[in-house]
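One file, coords03.pdb, carrying PDB, N, CA and C atoms:
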```
ATOM      1  N   MET A   1     -15.247  37.828 101.363
ATOM      2  CA  MET A   1     -16.486  38.493 101.061
ATOM      3  C   MET A   1     -17.625  37.783 101.782
ATOM      4  N   GLN A   2     -18.263  38.490 102.670
ATOM      5  CA  GLN A   2     -19.420  37.952 103.370
ATOM      6  C   GLN A   2     -20.667  38.306 102.564
ATOM      7  N   LYS A   3     -21.539  37.340 102.363
ATOM      8  CA  LYS A   3     -22.747  37.576 101.565
ATOM      9  C   LYS A   3     -23.610  38.646 102.217
ATOM     10  N   ASN A   4     -24.113  39.560 101.393
ATOM     11  CA  ASN A   4     -24.965  40.632 101.899
ATOM     12  C   ASN A   4     -26.199  40.858 101.029
ATOM     13  N   VAL A   5     -26.460  39.937 100.094
ATOM     14  CA  VAL A   5     -27.630  40.027  99.221
ATOM     15  C   VAL A   5     -28.502  38.803  99.482
ATOM     16  N   GLY A   6     -29.705  39.024 100.001
ATOM     17  CA  GLY A   6     -30.617  37.941 100.349
ATOM     18  C   GLY A   6     -31.391  37.400  99.161
ATOM     19  N   GLY A   7     -32.230  36.403  99.432
ATOM     20  CA  GLY A   7     -32.959  35.687  98.389
ATOM     21  C   GLY A   7     -33.910  36.541  97.572
ATOM     22  N   ILE A   8     -34.750  37.320  98.232
ATOM     23  CA  ILE A   8     -35.695  38.174  97.504
ATOM     24  C   ILE A   8     -34.945  39.234  96.714
ATOM     25  N   ASP A   9     -33.922  39.803  97.332
ATOM     26  CA  ASP A   9     -33.091  40.812  96.670
ATOM     27  C   ASP A   9     -32.438  40.223  95.422
ATOM     28  N   ARG A  10     -31.982  38.985  95.513
ATOM     29  CA  ARG A  10     -31.359  38.322  94.370
ATOM     30  C   ARG A  10     -32.345  38.175  93.221
ATOM     31  N   GLY A  11     -33.555  37.722  93.535
ATOM     32  CA  GLY A  11     -34.575  37.550  92.501
ATOM     33  C   GLY A  11     -34.910  38.854  91.798
ATOM     34  N   ILE A  12     -35.030  39.903  92.582
ATOM     35  CA  ILE A  12     -35.325  41.225  92.014
ATOM     36  C   ILE A  12     -34.183  41.694  91.124
ATOM     37  N   ARG A  13     -32.947  41.498  91.583
ATOM     38  CA  ARG A  13     -31.782  41.909  90.787
ATOM     39  C   ARG A  13     -31.718  41.163  89.462
ATOM     40  N   ILE A  14     -31.990  39.864  89.497
ATOM     41  CA  ILE A  14     -31.953  39.081  88.254
ATOM     42  C   ILE A  14     -33.037  39.550  87.296
ATOM     43  N   ALA A  15     -34.256  39.758  87.806
ATOM     44  CA  ALA A  15     -35.362  40.206  86.948
ATOM     45  C   ALA A  15     -35.068  41.572  86.328
ATOM     46  N   ILE A  16     -34.595  42.504  87.146
ATOM     47  CA  ILE A  16     -34.293  43.845  86.623
ATOM     48  C   ILE A  16     -33.097  43.787  85.672
ATOM     49  N   GLY A  17     -32.110  42.960  86.004
ATOM     50  CA  GLY A  17     -30.939  42.811  85.132
ATOM     51  C   GLY A  17     -31.327  42.314  83.750
ATOM     52  N   ILE A  18     -32.201  41.316  83.706
ATOM     53  CA  ILE A  18     -32.663  40.792  82.415
ATOM     54  C   ILE A  18     -33.448  41.861  81.661
ATOM     55  N   ALA A  19     -34.292  42.620  82.373
ATOM     56  CA  ALA A  19     -35.077  43.682  81.731
ATOM     57  C   ALA A  19     -34.165  44.778  81.165
ATOM     58  N   VAL A  20     -33.122  45.131  81.907
ATOM     59  CA  VAL A  20     -32.195  46.174  81.444
ATOM     60  C   VAL A  20     -31.434  45.693  80.210
ATOM     61  N   ILE A  21     -31.006  44.439  80.229
ATOM     62  CA  ILE A  21     -30.305  43.888  79.060
ATOM     63  C   ILE A  21     -31.236  43.870  77.850
ATOM     64  N   ALA A  22     -32.481  43.439  78.060
ATOM     65  CA  ALA A  22     -33.448  43.404  76.958
ATOM     66  C   ALA A  22     -33.698  44.806  76.402
ATOM     67  N   ALA A  23     -33.833  45.791  77.286
ATOM     68  CA  ALA A  23     -34.032  47.175  76.833
ATOM     69  C   ALA A  23     -32.820  47.661  76.045
ATOM     70  N   GLY A  24     -31.643  47.286  76.492
ATOM     71  CA  GLY A  24     -30.432  47.664  75.764
ATOM     72  C   GLY A  24     -30.396  47.076  74.367
ATOM     73  N   ILE A  25     -30.875  45.844  74.241
ATOM     74  CA  ILE A  25     -30.916  45.203  72.923
ATOM     75  C   ILE A  25     -31.969  45.867  72.042
ATOM     76  N   VAL A  26     -33.154  46.110  72.609
ATOM     77  CA  VAL A  26     -34.247  46.715  71.837
ATOM     78  C   VAL A  26     -33.867  48.113  71.350
ATOM     79  N   TYR A  27     -33.278  48.909  72.249
ATOM     80  CA  TYR A  27     -32.928  50.289  71.894
ATOM     81  C   TYR A  27     -31.513  50.427  71.348
ATOM     82  N   LYS A  28     -30.831  49.293  71.172
ATOM     83  CA  LYS A  28     -29.476  49.265  70.611
ATOM     84  C   LYS A  28     -28.546  50.219  71.363
ATOM     85  N   SER A  29     -28.520  50.028  72.695
ATOM     86  CA  SER A  29     -27.716  50.888  73.560
ATOM     87  C   SER A  29     -26.790  50.023  74.413
ATOM     88  N   TRP A  30     -25.579  50.526  74.608
ATOM     89  CA  TRP A  30     -24.619  49.836  75.463
ATOM     90  C   TRP A  30     -25.006  49.910  76.931
ATOM     91  N   TRP A  31     -25.954  50.761  77.279
ATOM     92  CA  TRP A  31     -26.404  50.853  78.663
ATOM     93  C   TRP A  31     -27.030  49.540  79.127
ATOM     94  N   GLY A  32     -27.462  48.728  78.204
ATOM     95  CA  GLY A  32     -28.011  47.425  78.547
ATOM     96  C   GLY A  32     -26.994  46.532  79.238
ATOM     97  N   ALA A  33     -25.727  46.787  79.010
ATOM     98  CA  ALA A  33     -24.662  45.992  79.644
ATOM     99  C   ALA A  33     -24.641  46.175  81.158
ATOM    100  N   THR A  34     -25.228  47.257  81.663
ATOM    101  CA  THR A  34     -25.257  47.454  83.120
ATOM    102  C   THR A  34     -26.116  46.395  83.804
ATOM    103  N   GLY A  35     -26.991  45.754  83.050
ATOM    104  CA  GLY A  35     -27.785  44.658  83.593
ATOM    105  C   GLY A  35     -26.907  43.493  84.026
ATOM    106  N   LEU A  36     -25.746  43.353  83.397
ATOM    107  CA  LEU A  36     -24.811  42.288  83.779
ATOM    108  C   LEU A  36     -24.294  42.488  85.199
ATOM    109  N   VAL A  37     -24.150  43.731  85.621
ATOM    110  CA  VAL A  37     -23.691  44.016  86.985
ATOM    111  C   VAL A  37     -24.733  43.530  87.986
ATOM    112  N   LEU A  38     -25.996  43.791  87.710
ATOM    113  CA  LEU A  38     -27.062  43.340  88.600
ATOM    114  C   LEU A  38     -27.104  41.818  88.687
ATOM    115  N   ILE A  39     -26.962  41.166  87.554
ATOM    116  CA  ILE A  39     -26.987  39.712  87.549
ATOM    117  C   ILE A  39     -25.759  39.150  88.265
ATOM    118  N   ALA A  40     -24.601  39.758  88.063
ATOM    119  CA  ALA A  40     -23.377  39.285  88.715
ATOM    120  C   ALA A  40     -23.470  39.411  90.237
ATOM    121  N   THR A  41     -23.979  40.543  90.730
ATOM    122  CA  THR A  41     -24.100  40.705  92.182
ATOM    123  C   THR A  41     -25.125  39.728  92.754
ATOM    124  N   ALA A  42     -26.161  39.412  91.979
ATOM    125  CA  ALA A  42     -27.151  38.434  92.439
ATOM    126  C   ALA A  42     -26.530  37.044  92.527
ATOM    127  N   LEU A  43     -25.763  36.660  91.517
ATOM    128  CA  LEU A  43     -25.157  35.336  91.506
ATOM    129  C   LEU A  43     -24.063  35.199  92.564
ATOM    130  N   LEU A  44     -23.311  36.260  92.793
ATOM    131  CA  LEU A  44     -22.259  36.227  93.815
ATOM    132  C   LEU A  44     -22.822  36.338  95.227
ATOM    133  N   GLY A  45     -23.978  37.007  95.357
ATOM    134  CA  GLY A  45     -24.561  37.216  96.676
ATOM    135  C   GLY A  45     -23.865  38.316  97.450
ATOM    136  N   TRP A  46     -23.101  39.127  96.761
ATOM    137  CA  TRP A  46     -22.345  40.193  97.415
ATOM    138  C   TRP A  46     -22.411  41.455  96.557
ATOM    139  N   CYS A  47     -22.724  42.581  97.190
ATOM    140  CA  CYS A  47     -22.844  43.864  96.501
ATOM    141  C   CYS A  47     -21.884  44.855  97.156
ATOM    142  N   PRO A  48     -20.910  45.404  96.407
ATOM    143  CA  PRO A  48     -19.946  46.341  96.995
ATOM    144  C   PRO A  48     -20.578  47.558  97.677
ATOM    145  N   PRO A  49     -21.567  48.247  97.063
ATOM    146  CA  PRO A  49     -22.173  49.376  97.777
ATOM    147  C   PRO A  49     -22.848  48.962  99.084
ATOM    148  N   TYR A  50     -23.464  47.776  99.103
ATOM    149  CA  TYR A  50     -24.049  47.289 100.347
ATOM    150  C   TYR A  50     -22.965  47.155 101.416
ATOM    151  N   ALA A  51     -21.809  46.621 101.033
ATOM    152  CA  ALA A  51     -20.710  46.441 101.988
ATOM    153  C   ALA A  51     -20.222  47.792 102.515
ATOM    154  N   ILE A  52     -20.111  48.781 101.648
ATOM    155  CA  ILE A  52     -19.627  50.108 102.047
ATOM    156  C   ILE A  52     -20.589  50.769 103.036
ATOM    157  N   PHE A  53     -21.895  50.655 102.753
ATOM    158  CA  PHE A  53     -22.889  51.322 103.593
ATOM    159  C   PHE A  53     -23.445  50.439 104.711
ATOM    160  N   GLY A  54     -22.928  49.224 104.841
ATOM    161  CA  GLY A  54     -23.342  48.347 105.932
ATOM    162  C   GLY A  54     -24.748  47.780 105.777
ATOM    163  N   ILE A  55     -25.208  47.624 104.536
ATOM    164  CA  ILE A  55     -26.537  47.087 104.277
ATOM    165  C   ILE A  55     -26.421  45.573 104.102
ATOM    166  N   ASN A  56     -27.398  44.843 104.620
ATOM    167  CA  ASN A  56     -27.412  43.390 104.484
ATOM    168  C   ASN A  56     -28.859  42.944 104.356
ATOM    169  N   SER A  57     -29.211  42.345 103.218
ATOM    170  CA  SER A  57     -30.582  41.883 103.014
ATOM    171  C   SER A  57     -30.715  40.379 103.260
ATOM    172  N   CYS A  58     -29.660  39.752 103.752
ATOM    173  CA  CYS A  58     -29.725  38.326 104.101
ATOM    174  C   CYS A  58     -30.479  38.154 105.414
ATOM    175  N   LYS A  59     -31.139  37.003 105.543
ATOM    176  CA  LYS A  59     -31.822  36.701 106.796
ATOM    177  C   LYS A  59     -30.786  36.458 107.878
ATOM    178  N   LYS A  60     -31.103  36.877 109.057
ATOM    179  CA  LYS A  60     -30.223  36.659 110.199
ATOM    180  C   LYS A  60     -30.386  35.225 110.687
ATOM    181  N   ASN A  61     -29.286  34.603 111.063
ATOM    182  CA  ASN A  61     -29.343  33.268 111.656
ATOM    183  C   ASN A  61     -29.634  33.420 113.136
ATOM    184  N   ILE A  62     -30.789  32.941 113.545
ATOM    185  CA  ILE A  62     -31.187  33.045 114.948
ATOM    186  C   ILE A  62     -30.966  31.683 115.599
ATOM    187  N   ARG A  63     -30.142  31.678 116.631
ATOM    188  CA  ARG A  63     -29.837  30.440 117.333
ATOM    189  C   ARG A  63     -30.789  30.280 118.501
ATOM    190  N   SER A  64     -31.274  29.077 118.680
ATOM    191  CA  SER A  64     -32.164  28.819 119.819
ATOM    192  C   SER A  64     -31.331  28.638 121.082
ATOM    193  N   PRO A  65     -31.878  29.080 122.220
ATOM    194  CA  PRO A  65     -31.119  28.931 123.462
ATOM    195  C   PRO A  65     -30.992  27.450 123.816
ATOM    196  N   ASP A  66     -29.859  27.096 124.403
ATOM    197  CA  ASP A  66     -29.595  25.696 124.763
ATOM    198  C   ASP A  66     -30.269  25.320 126.030
TER     199      ASP A  66
END
```
Write out the structure in this file as structure tokens.
Amino acid sequence: MQKNVGGIDRGIRIAIGIAVIAAGIVYKSWWGATGLVLIATALLGWCPPYAIFGINSCKKNIRSPD
């Protein structure tokens, strides 16, 4: 698995994941568990839909010429 979730994307996923879990607790809904998916993809740094569609939010490594 090659990482395809960058730093800013990770932060956003964690924040939204926590908000979704909190909403699930407040409204007593199992839909809050979907926040765990966002947090898991942020912690792993890899998102399956990104891999399928060829999306990569990681910074590119730019090598300087020798």
What's the 7 Å shell around Ala51 of chain A, counting all atoms listed in the file, without same-chain residues fewer than 5 positions away, as a ChimeraX atom specification? /A:4,46,56
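Distance-wise, atom C of Gln2 of chain A and atom N of Ile18 of chain A end up 22.3 Å apart.
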Run the PyMOL selection byres ((chain A and resi 29-42) around 6.5) mentally over the shown coordinates, then write out the matched residues as a PyMOL selection string, using the chain letters and numbers from the document. chain A and resi 9-10+13-14+16-18+20-28+43-47
One decimal, Å: what's the distance from atom C of Lys60 of chain A over to atom N of Ala15 of chain A, could you say? 23.6 Å
Padding 3 Å on each side, edges along x, y and z: where is the centre of the box around the listed atoms of segment 27-37 of chain A, and how long are its edges in Å to one decimal? Output it as AutoDock Vina command-line options.
```
--center_x -28.5 --center_y 46.6 --center_z 79.3 --size_x 15.6 --size_y 14.6 --size_z 23.4
```
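Interatomic distance, atom C of Lys59 of chain A against atom C of Val5 of chain A: 9.0 Å.
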Just write segment 43-55 of chain A with all heavy atoms, as a short mmCIF file (atom, residue, chain, number, x, y, z; two decimals), in the first residue's frame, taken from the block above.
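Once written, result_32.cif looks like this:
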```cif
data_model
loop_
_atom_site.label_atom_id
_atom_site.label_comp_id
_atom_site.auth_asym_id
_atom_site.auth_seq_id
_atom_site.Cartn_x
_atom_site.Cartn_y
_atom_site.Cartn_z
N LEU A 43 -5.08 7.62 9.83
CA LEU A 43 -3.97 7.02 10.56
C LEU A 43 -3.12 6.11 9.66
O LEU A 43 -1.90 6.06 9.80
CB LEU A 43 -4.47 6.25 11.77
CG LEU A 43 -5.13 7.10 12.86
CD1 LEU A 43 -5.67 6.22 13.97
CD2 LEU A 43 -4.16 8.12 13.42
N LEU A 44 -3.77 5.40 8.75
CA LEU A 44 -3.03 4.53 7.83
C LEU A 44 -2.34 5.32 6.71
O LEU A 44 -1.35 4.86 6.16
CB LEU A 44 -3.98 3.51 7.19
CG LEU A 44 -4.52 2.42 8.11
CD1 LEU A 44 -5.57 1.59 7.40
CD2 LEU A 44 -3.40 1.55 8.61
N GLY A 45 -2.92 6.48 6.36
CA GLY A 45 -2.36 7.26 5.27
C GLY A 45 -2.72 6.70 3.91
O GLY A 45 -2.12 7.07 2.89
N TRP A 46 -3.70 5.83 3.87
CA TRP A 46 -4.09 5.19 2.62
C TRP A 46 -5.62 5.11 2.55
O TRP A 46 -6.27 4.70 3.50
CB TRP A 46 -3.52 3.78 2.52
CG TRP A 46 -3.80 3.10 1.24
CD1 TRP A 46 -3.24 3.35 0.03
CD2 TRP A 46 -4.74 2.04 1.03
NE1 TRP A 46 -3.76 2.52 -0.91
CE2 TRP A 46 -4.68 1.70 -0.33
CE3 TRP A 46 -5.62 1.36 1.85
CZ2 TRP A 46 -5.47 0.71 -0.88
CZ3 TRP A 46 -6.40 0.37 1.31
CH2 TRP A 46 -6.32 0.06 -0.05
N CYS A 47 -6.18 5.52 1.41
CA CYS A 47 -7.62 5.52 1.21
C CYS A 47 -7.93 4.68 -0.03
O CYS A 47 -7.46 5.00 -1.13
CB CYS A 47 -8.10 6.96 1.02
SG CYS A 47 -9.87 7.11 0.69
N PRO A 48 -8.72 3.60 0.11
CA PRO A 48 -9.03 2.74 -1.04
C PRO A 48 -9.66 3.47 -2.23
O PRO A 48 -9.23 3.26 -3.36
CB PRO A 48 -9.97 1.67 -0.46
CG PRO A 48 -9.63 1.62 0.99
CD PRO A 48 -9.26 3.03 1.36
N PRO A 49 -10.67 4.34 -2.03
CA PRO A 49 -11.22 5.05 -3.19
C PRO A 49 -10.18 5.93 -3.89
O PRO A 49 -10.19 6.06 -5.11
CB PRO A 49 -12.35 5.90 -2.61
CG PRO A 49 -12.79 5.16 -1.39
CD PRO A 49 -11.52 4.58 -0.83
N TYR A 50 -9.28 6.55 -3.11
CA TYR A 50 -8.21 7.33 -3.73
C TYR A 50 -7.37 6.43 -4.64
O TYR A 50 -6.98 6.83 -5.73
CB TYR A 50 -7.32 7.95 -2.66
CG TYR A 50 -7.77 9.27 -2.09
CD1 TYR A 50 -9.09 9.71 -2.20
CD2 TYR A 50 -6.87 10.10 -1.44
CE1 TYR A 50 -9.48 10.91 -1.67
CE2 TYR A 50 -7.26 11.31 -0.91
CZ TYR A 50 -8.57 11.71 -1.02
OH TYR A 50 -8.96 12.92 -0.50
N ALA A 51 -7.05 5.23 -4.16
CA ALA A 51 -6.24 4.30 -4.95
C ALA A 51 -6.96 3.90 -6.24
O ALA A 51 -6.35 3.83 -7.31
CB ALA A 51 -5.90 3.06 -4.12
N ILE A 52 -8.25 3.65 -6.16
CA ILE A 52 -9.03 3.23 -7.33
C ILE A 52 -9.07 4.34 -8.38
O ILE A 52 -8.89 4.08 -9.57
CB ILE A 52 -10.47 2.84 -6.91
CG1 ILE A 52 -10.43 1.54 -6.10
CG2 ILE A 52 -11.37 2.66 -8.13
CD1 ILE A 52 -11.75 1.20 -5.42
N PHE A 53 -9.28 5.58 -7.93
CA PHE A 53 -9.41 6.70 -8.86
C PHE A 53 -8.10 7.43 -9.15
O PHE A 53 -8.09 8.42 -9.86
CB PHE A 53 -10.46 7.69 -8.35
CG PHE A 53 -11.85 7.11 -8.30
CD1 PHE A 53 -12.48 6.90 -7.09
CD2 PHE A 53 -12.51 6.75 -9.46
CE1 PHE A 53 -13.76 6.36 -7.03
CE2 PHE A 53 -13.78 6.21 -9.42
CZ PHE A 53 -14.40 6.01 -8.20
N GLY A 54 -7.00 6.94 -8.59
CA GLY A 54 -5.69 7.53 -8.87
C GLY A 54 -5.47 8.89 -8.23
O GLY A 54 -4.71 9.70 -8.73
N ILE A 55 -6.12 9.15 -7.10
CA ILE A 55 -5.98 10.42 -6.40
C ILE A 55 -4.86 10.28 -5.37
O ILE A 55 -4.71 9.25 -4.72
CB ILE A 55 -7.29 10.81 -5.70
CG1 ILE A 55 -8.41 10.95 -6.73
CG2 ILE A 55 -7.12 12.09 -4.89
CD1 ILE A 55 -9.79 11.09 -6.11
#
```
